[in-house]
Amino acid sequence: MSKQIVYTDQAPAAIGPYSQAVQAGGFLFVSGQIAIDLAPLGDIQAETRKVMENIGAILKTAGKDYSNVVKATIFVKDLNNFVAINEVYGSFFTGEFPARETVEVARLPKDVNVEISVIAV
């Protein structure tokens, strides 16, 4: 099985030894996206929107869109923001939603409040 690295300058470059996304075996694995270029942080809805826009740019580069997403993982610093994150996240999908889990964590890269990764087909 071969793999193809997916990169776009329409989303933040990786801040470590990983790729924005990797396409392999009919799947697109999008690394966790953060609102790295959104400062100051604090507006969880704006932060979530930027994260989803970053994901959208990567999906587009790979010839896909949100309808191709089958799985999402949301990491959040404060689960009290769940409703606000959910509202923005949900607005990027129509019809059938992907499988998902949401996990509260102690800290995220660059001290952001939310990070989302997805798998698309």
# chains A, B, ... in the order shown; residues from 1 in each chain; ligands from 1
call {"tool": "select_by_dssp", "arguments": {"residues": "chain A", "states": "helix (DSSP H, G or I)", "output": "ChimeraX atom specification"}}
result
/A:44-61,66-68,79-90,109-111
call {"tool": "residues_around", "arguments": {"residues": "region 10-20 of chain A", "least_positions_apart": "6", "cutoff": "10 Å", "atoms": "only C-alpha atoms", "output": "list in words"}}
result
Phe29, Val30, Ser31, Gly32, Gln33, Ile34, Ala35, Ile36, Asp37, Lys50, Val51, Glu53, Asn54, Ile55, Gly56, Ala57, Ile58, Lys60, Thr61, Pro109, Lys110 and Ser117 of chain A
call {"tool": "atom_distance", "arguments": {"atom1": "CA of Asn86 (chain A)", "atom2": "CA of Gly26 (chain A)"}}
result
27.7 Å
call {"tool": "atom_distance", "arguments": {"atom1": "CA of Phe27 (chain A)", "atom2": "CA of Val118 (chain A)"}}
result
10.4 Å
call {"tool": "atom_distance", "arguments": {"atom1": "CA of Ala106 (chain A)", "atom2": "CA of Lys77 (chain A)"}}
result
5.9 Å
